[in-house]
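Undergrad: Please see the structure below; I have some questions.
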Amino acid sequence: MNAPSPAAAPRRIPTEFRYWERLPDPRSQRLREGFRKLLHFDPVLDDATVRRYAETYFDADPVAEAFVEEVYLQRGQAEGRALLDRALEQGVGSIPDAPASLRALFAEIERPPAWYDEALAERGARAIRRYGTHYFSFAGAVTLESYKDCSVAKPLAFTGAYAGESAHRRFLETVAFWLDITTPGAMRPGGKGRKTALRVRIMHVFVRRRLLAHPRWDLEAWGVPISQADALLTLLAGSVGAGLGLQKLGYRTSHADIEAMMHFWRYVGHLMGVQDRK
């Protein structure tokens, strides 16, 4: 089963997205007031922005999914991995008969977006490196908190990815991912971080397909697994969340550093298939 693309997905919202229903609750209002006092801004957005975000629970990654469909599923896992590895190591131009879906995928990641500023992204990665292992502790705690969210928790529950010993292993894999992408020069062509980001992106396609085919996956209630909305939460947790949180814990992180971290994570998201909704 293929996930809906941003262009084709109907403008609907998962039934378990209960933002407006829960906003008046006393607990929600206490959290809102806590944000205002601690972080000096109101986390409540206008309805149009919230609705646009909620709709992205039905958006997946059609570009990577097309590549998996054409190559991995039709030619086999071995050829899919070999083509991806060759394109990552030598560039897609090194493959004269590269499948159209592979060319489309690498056209997306090899051509930097108009908004991308490499120096700003490197400043963001440098700010993360400056935190040392405290970044892992803080981001790990935020990650665990985010797993309370239904759309994030369901894929983990269905795959058993955060149960028993697998929880520790998964966290270490996440830490390895953070190290890969924040190493100096890691996100440039041929860099380890870029390779890791794309391989994780392809892995997400397989997880998504598996869960969409599961008889108990409730698409109308939860949207697609590993959706664009879920990805946005990850990008914000790693940039704004970590920046403001660690600032309160004593790190002398400037707002310019936090903006640089946001830019860095936005680019990581771009490589991993996060796109603006059309």
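To be explicit about the labels: the chains of the structure tokens are called A, B, and onward in the order shown, and within each one the residues are counted from 1, while ligands get numbers from 1 in the order they are shown.
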Residues of stretch 169-247 of chain A that have any atom at most 10 Å from an atom of stretch 103-119 of chain A: could you tabulate them with the shortest-distance atom pair and the distance in Å to one decimal, using only C-alpha atoms, ordered by chain and increasing number, as a Markdown table?
TA:
```
| residue | atom | partner | partner_atom | distance |
| --- | --- | --- | --- | --- |
| A:Gly185 | CA | A:Glu118 | CA | 9.6 |
| A:Met187 | CA | A:Glu118 | CA | 9.1 |
| A:Arg188 | CA | A:Glu118 | CA | 8.8 |
| A:Pro189 | CA | A:Glu110 | CA | 7.3 |
| A:Arg194 | CA | A:Ile109 | CA | 8.9 |
| A:Leu198 | CA | A:Ile109 | CA | 8.9 |
```
Undergrad: Take the residues that were just selected and, keeping N, CA, C and O atoms, output them as a compact mmCIF listing (two decimals), in the first residue's frame.
TA:
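Generated file (part-v1.txt):
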```
# COMPACT_ATOMS: atom_id res chain seq x y z
N GLY A 185 31.39 18.96 8.35
CA GLY A 185 31.34 18.56 6.94
C GLY A 185 30.49 17.35 6.65
O GLY A 185 30.43 16.89 5.50
N MET A 187 27.34 16.88 6.33
CA MET A 187 26.16 17.00 5.47
C MET A 187 26.50 17.43 4.05
O MET A 187 25.61 17.64 3.23
N ARG A 188 27.80 17.53 3.73
CA ARG A 188 28.19 17.83 2.37
C ARG A 188 28.11 16.58 1.51
O ARG A 188 28.06 15.47 2.03
N PRO A 189 28.13 16.72 0.18
CA PRO A 189 28.13 15.53 -0.69
C PRO A 189 29.25 14.57 -0.30
O PRO A 189 30.39 14.98 -0.12
N ARG A 194 25.15 12.83 5.57
CA ARG A 194 24.22 12.79 4.44
C ARG A 194 23.87 11.35 4.10
O ARG A 194 22.70 11.03 3.84
N LEU A 198 20.02 9.65 4.46
CA LEU A 198 19.28 9.06 3.35
C LEU A 198 18.95 7.60 3.62
O LEU A 198 17.86 7.12 3.26
```
Undergrad: Give me the residues near A:Arg201 as a ChimeraX atom specification, where near means some atom within 10 Å (using only C-alpha atoms) and where sequence neighbours in that chain fewer than 4 positions away do not count.
TA: /A:61,64-65,195-197,205-206,269,271-274
Undergrad: Would you output that residue set with N, CA and C atoms, as a PDB file, in the first residue's frame?
TA:
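The new file again.pdb reads:
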```pdb
ATOM      1  N   ASP A  61       6.279  10.400   2.058  1.00  0.00           N
ATOM      2  CA  ASP A  61       7.507  10.720   1.324  1.00  0.00           C
ATOM      3  C   ASP A  61       7.438  10.074  -0.055  1.00  0.00           C
ATOM      4  N   ALA A  64      10.916   9.120  -2.096  1.00  0.00           N
ATOM      5  CA  ALA A  64      11.634   7.929  -1.641  1.00  0.00           C
ATOM      6  C   ALA A  64      10.800   6.673  -1.846  1.00  0.00           C
ATOM      7  N   GLU A  65       9.495   6.786  -1.683  1.00  0.00           N
ATOM      8  CA  GLU A  65       8.631   5.627  -1.862  1.00  0.00           C
ATOM      9  C   GLU A  65       8.627   5.144  -3.306  1.00  0.00           C
ATOM     10  N   LYS A 195      24.867  10.463   4.115  1.00  0.00           N
ATOM     11  CA  LYS A 195      24.617   9.051   3.810  1.00  0.00           C
ATOM     12  C   LYS A 195      23.695   8.433   4.850  1.00  0.00           C
ATOM     13  N   THR A 196      23.962   8.720   6.118  1.00  0.00           N
ATOM     14  CA  THR A 196      23.130   8.165   7.183  1.00  0.00           C
ATOM     15  C   THR A 196      21.699   8.668   7.070  1.00  0.00           C
ATOM     16  N   ALA A 197      21.530   9.973   6.812  1.00  0.00           N
ATOM     17  CA  ALA A 197      20.187  10.551   6.710  1.00  0.00           C
ATOM     18  C   ALA A 197      19.385   9.887   5.603  1.00  0.00           C
ATOM     19  N   VAL A 205      10.626   4.289   4.808  1.00  0.00           N
ATOM     20  CA  VAL A 205       9.666   3.871   3.780  1.00  0.00           C
ATOM     21  C   VAL A 205       9.197   2.439   4.048  1.00  0.00           C
ATOM     22  N   PHE A 206      10.141   1.565   4.372  1.00  0.00           N
ATOM     23  CA  PHE A 206       9.780   0.165   4.622  1.00  0.00           C
ATOM     24  C   PHE A 206       8.928   0.029   5.881  1.00  0.00           C
ATOM     25  N   GLY A 269      16.130  17.636   7.779  1.00  0.00           N
ATOM     26  CA  GLY A 269      14.786  17.223   7.410  1.00  0.00           C
ATOM     27  C   GLY A 269      14.594  17.178   5.904  1.00  0.00           C
ATOM     28  N   LEU A 271      16.843  16.527   3.630  1.00  0.00           N
ATOM     29  CA  LEU A 271      17.487  15.321   3.122  1.00  0.00           C
ATOM     30  C   LEU A 271      16.678  14.068   3.438  1.00  0.00           C
ATOM     31  N   MET A 272      15.898  14.134   4.518  1.00  0.00           N
ATOM     32  CA  MET A 272      15.119  12.970   4.947  1.00  0.00           C
ATOM     33  C   MET A 272      13.675  13.005   4.440  1.00  0.00           C
ATOM     34  N   GLY A 273      13.405  13.921   3.514  1.00  0.00           N
ATOM     35  CA  GLY A 273      12.104  13.898   2.849  1.00  0.00           C
ATOM     36  C   GLY A 273      11.056  14.840   3.394  1.00  0.00           C
ATOM     37  N   VAL A 274      11.416  15.714   4.311  1.00  0.00           N
ATOM     38  CA  VAL A 274      10.448  16.694   4.832  1.00  0.00           C
ATOM     39  C   VAL A 274      10.289  17.810   3.807  1.00  0.00           C
TER      40      VAL A 274
END
```
Undergrad: Give me the residues within 10 Å of A:Leu236 as a list in words, counting only C-alpha atoms and dropping any in the same chain fewer than 3 places off.
TA: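 After dropping sequence-adjacent residues, the list is Ala231, Leu232, Leu233, Ser239, Val240, Gly241, Ala242, Gly243, Met261, Met262, Trp265 and Arg266 of chain A.
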Undergrad: Please produce an output containing N, CA, C and O atoms for each residue in the selection, written as a tab-separated table (two decimals), in the first residue's frame.
TA:
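In the end it all went to out.tsv:
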```tsv
chain	number	residue	atom	x	y	z
A	231	ALA	N	7.71	14.14	11.67
A	231	ALA	CA	9.06	14.61	11.36
A	231	ALA	C	9.28	16.03	11.87
A	231	ALA	O	10.34	16.35	12.39
A	232	LEU	N	8.27	16.88	11.73
A	232	LEU	CA	8.40	18.25	12.19
A	232	LEU	C	8.62	18.31	13.70
A	232	LEU	O	9.44	19.11	14.19
A	233	LEU	N	7.95	17.45	14.44
A	233	LEU	CA	8.16	17.40	15.89
A	233	LEU	C	9.61	17.06	16.21
A	233	LEU	O	10.21	17.64	17.13
A	239	SER	N	16.09	21.25	17.82
A	239	SER	CA	16.60	22.61	17.63
A	239	SER	C	16.03	23.57	18.67
A	239	SER	O	16.71	23.91	19.65
A	240	VAL	N	14.79	23.97	18.52
A	240	VAL	CA	14.18	24.91	19.46
A	240	VAL	C	14.07	24.29	20.86
A	240	VAL	O	14.43	24.92	21.87
A	241	GLY	N	13.59	23.04	20.91
A	241	GLY	CA	13.42	22.39	22.20
A	241	GLY	C	14.73	22.27	22.97
A	241	GLY	O	14.83	22.65	24.13
A	242	ALA	N	15.75	21.73	22.29
A	242	ALA	CA	17.04	21.57	22.95
A	242	ALA	C	17.68	22.91	23.25
A	242	ALA	O	18.25	23.11	24.34
A	243	GLY	N	17.60	23.84	22.31
A	243	GLY	CA	18.23	25.15	22.51
A	243	GLY	C	17.67	25.90	23.70
A	243	GLY	O	18.42	26.38	24.57
A	261	MET	N	20.63	26.32	14.74
A	261	MET	CA	20.25	24.92	14.95
A	261	MET	C	18.97	24.59	14.20
A	261	MET	O	18.83	23.50	13.63
A	262	MET	N	18.04	25.52	14.17
A	262	MET	CA	16.81	25.32	13.41
A	262	MET	C	17.12	25.16	11.92
A	262	MET	O	16.55	24.29	11.24
A	265	TRP	N	18.73	21.70	11.33
A	265	TRP	CA	17.75	20.61	11.37
A	265	TRP	C	16.77	20.69	10.21
A	265	TRP	O	16.27	19.66	9.73
A	266	ARG	N	16.50	21.90	9.76
A	266	ARG	CA	15.63	22.02	8.58
A	266	ARG	C	16.29	21.34	7.38
A	266	ARG	O	15.62	20.66	6.60
```
Undergrad: May I ask which of the residues A:Gln74, A:Gln275, A:Gln228, A:Ser137 is the closest one to A:Thr174, counting only C-alpha atoms?
TA: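 Of A:Gln74, A:Gln275, A:Gln228, A:Ser137, the one nearest A:Thr174, counting only C-alpha atoms, is A:Ser137.
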Undergrad: I'd like to know which of A:Ala213, A:Ile202, A:Pro184, A:Pro14 is closest to A:Glu69, using only C-alpha atoms.
TA: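 Nearest candidate to A:Glu69 out of A:Ala213, A:Ile202, A:Pro184, A:Pro14: A:Ile202.
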Undergrad: Find, counting only C-alpha atoms, the residue in A:Arg216, A:Leu23, A:Glu55, A:His255 that gets nearest to A:Pro43.
TA: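 Answer, going by the shortest atom-to-atom distance: A:Leu23.
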Undergrad: Separation of atom CA of A:Gly223 and atom CA of A:Thr56, in Å?
TA: 8.4 Å
Undergrad: Excluding same-chain residues fewer than 6 positions from stretch 87-102 of chain A, what lies within 6 Å of it counting only C-alpha atoms, as an mmCIF file with N, CA, C and O atoms, in the first residue's frame?
TA:
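This is the output file part35.cif:
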```cif
data_model
loop_
_atom_site.group_PDB
_atom_site.id
_atom_site.type_symbol
_atom_site.label_atom_id
_atom_site.label_comp_id
_atom_site.auth_asym_id
_atom_site.auth_seq_id
_atom_site.Cartn_x
_atom_site.Cartn_y
_atom_site.Cartn_z
ATOM 1 N N ALA A 66 8.714 6.081 -4.245
ATOM 2 C CA ALA A 66 8.772 5.694 -5.656
ATOM 3 C C ALA A 66 10.050 4.911 -5.946
ATOM 4 O O ALA A 66 10.039 3.932 -6.710
ATOM 5 N N PHE A 67 11.161 5.316 -5.336
ATOM 6 C CA PHE A 67 12.420 4.609 -5.526
ATOM 7 C C PHE A 67 12.340 3.197 -4.938
ATOM 8 O O PHE A 67 12.758 2.218 -5.571
ATOM 9 N N GLY A 190 28.913 13.312 -0.141
ATOM 10 C CA GLY A 190 29.886 12.314 0.279
ATOM 11 C C GLY A 190 30.078 12.214 1.771
ATOM 12 O O GLY A 190 30.751 11.305 2.252
#
```
Undergrad: Excluding A:Phe264 and residues on its chain fewer than 2 positions from it, collect all residues at most 7 Å away from it, counting only C-alpha atoms, and give them as a list of chain:residue names.
TA: A:Ala121, A:Glu122, A:Gly124, A:Ala125, A:Ala260, A:Met261, A:Met262, A:Arg266, A:Tyr267, A:Val268
Undergrad: For A:Trp222, find every residue with an atom within 9 Å (counting only C-alpha atoms), except residues of its own chain fewer than 6 positions away, and show them as a count of residues only.
TA: 10
Undergrad: Just give me the gap between atom CA of A:Leu39 and atom CA of A:Ala141 in Å, one decimal is fine.
TA: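 Between atom CA of A:Leu39 and atom CA of A:Ala141 the gap is 18.3 Å.
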Undergrad: Rank A:Val50, A:Val63, A:Ala139, A:Ala78 by their smallest atom-to-atom distance to A:Trp178, using only C-alpha atoms, and report the top residue only.
TA: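 Going through A:Val50, A:Val63, A:Ala139, A:Ala78 one by one, the smallest distance to A:Trp178 is for A:Ala139.
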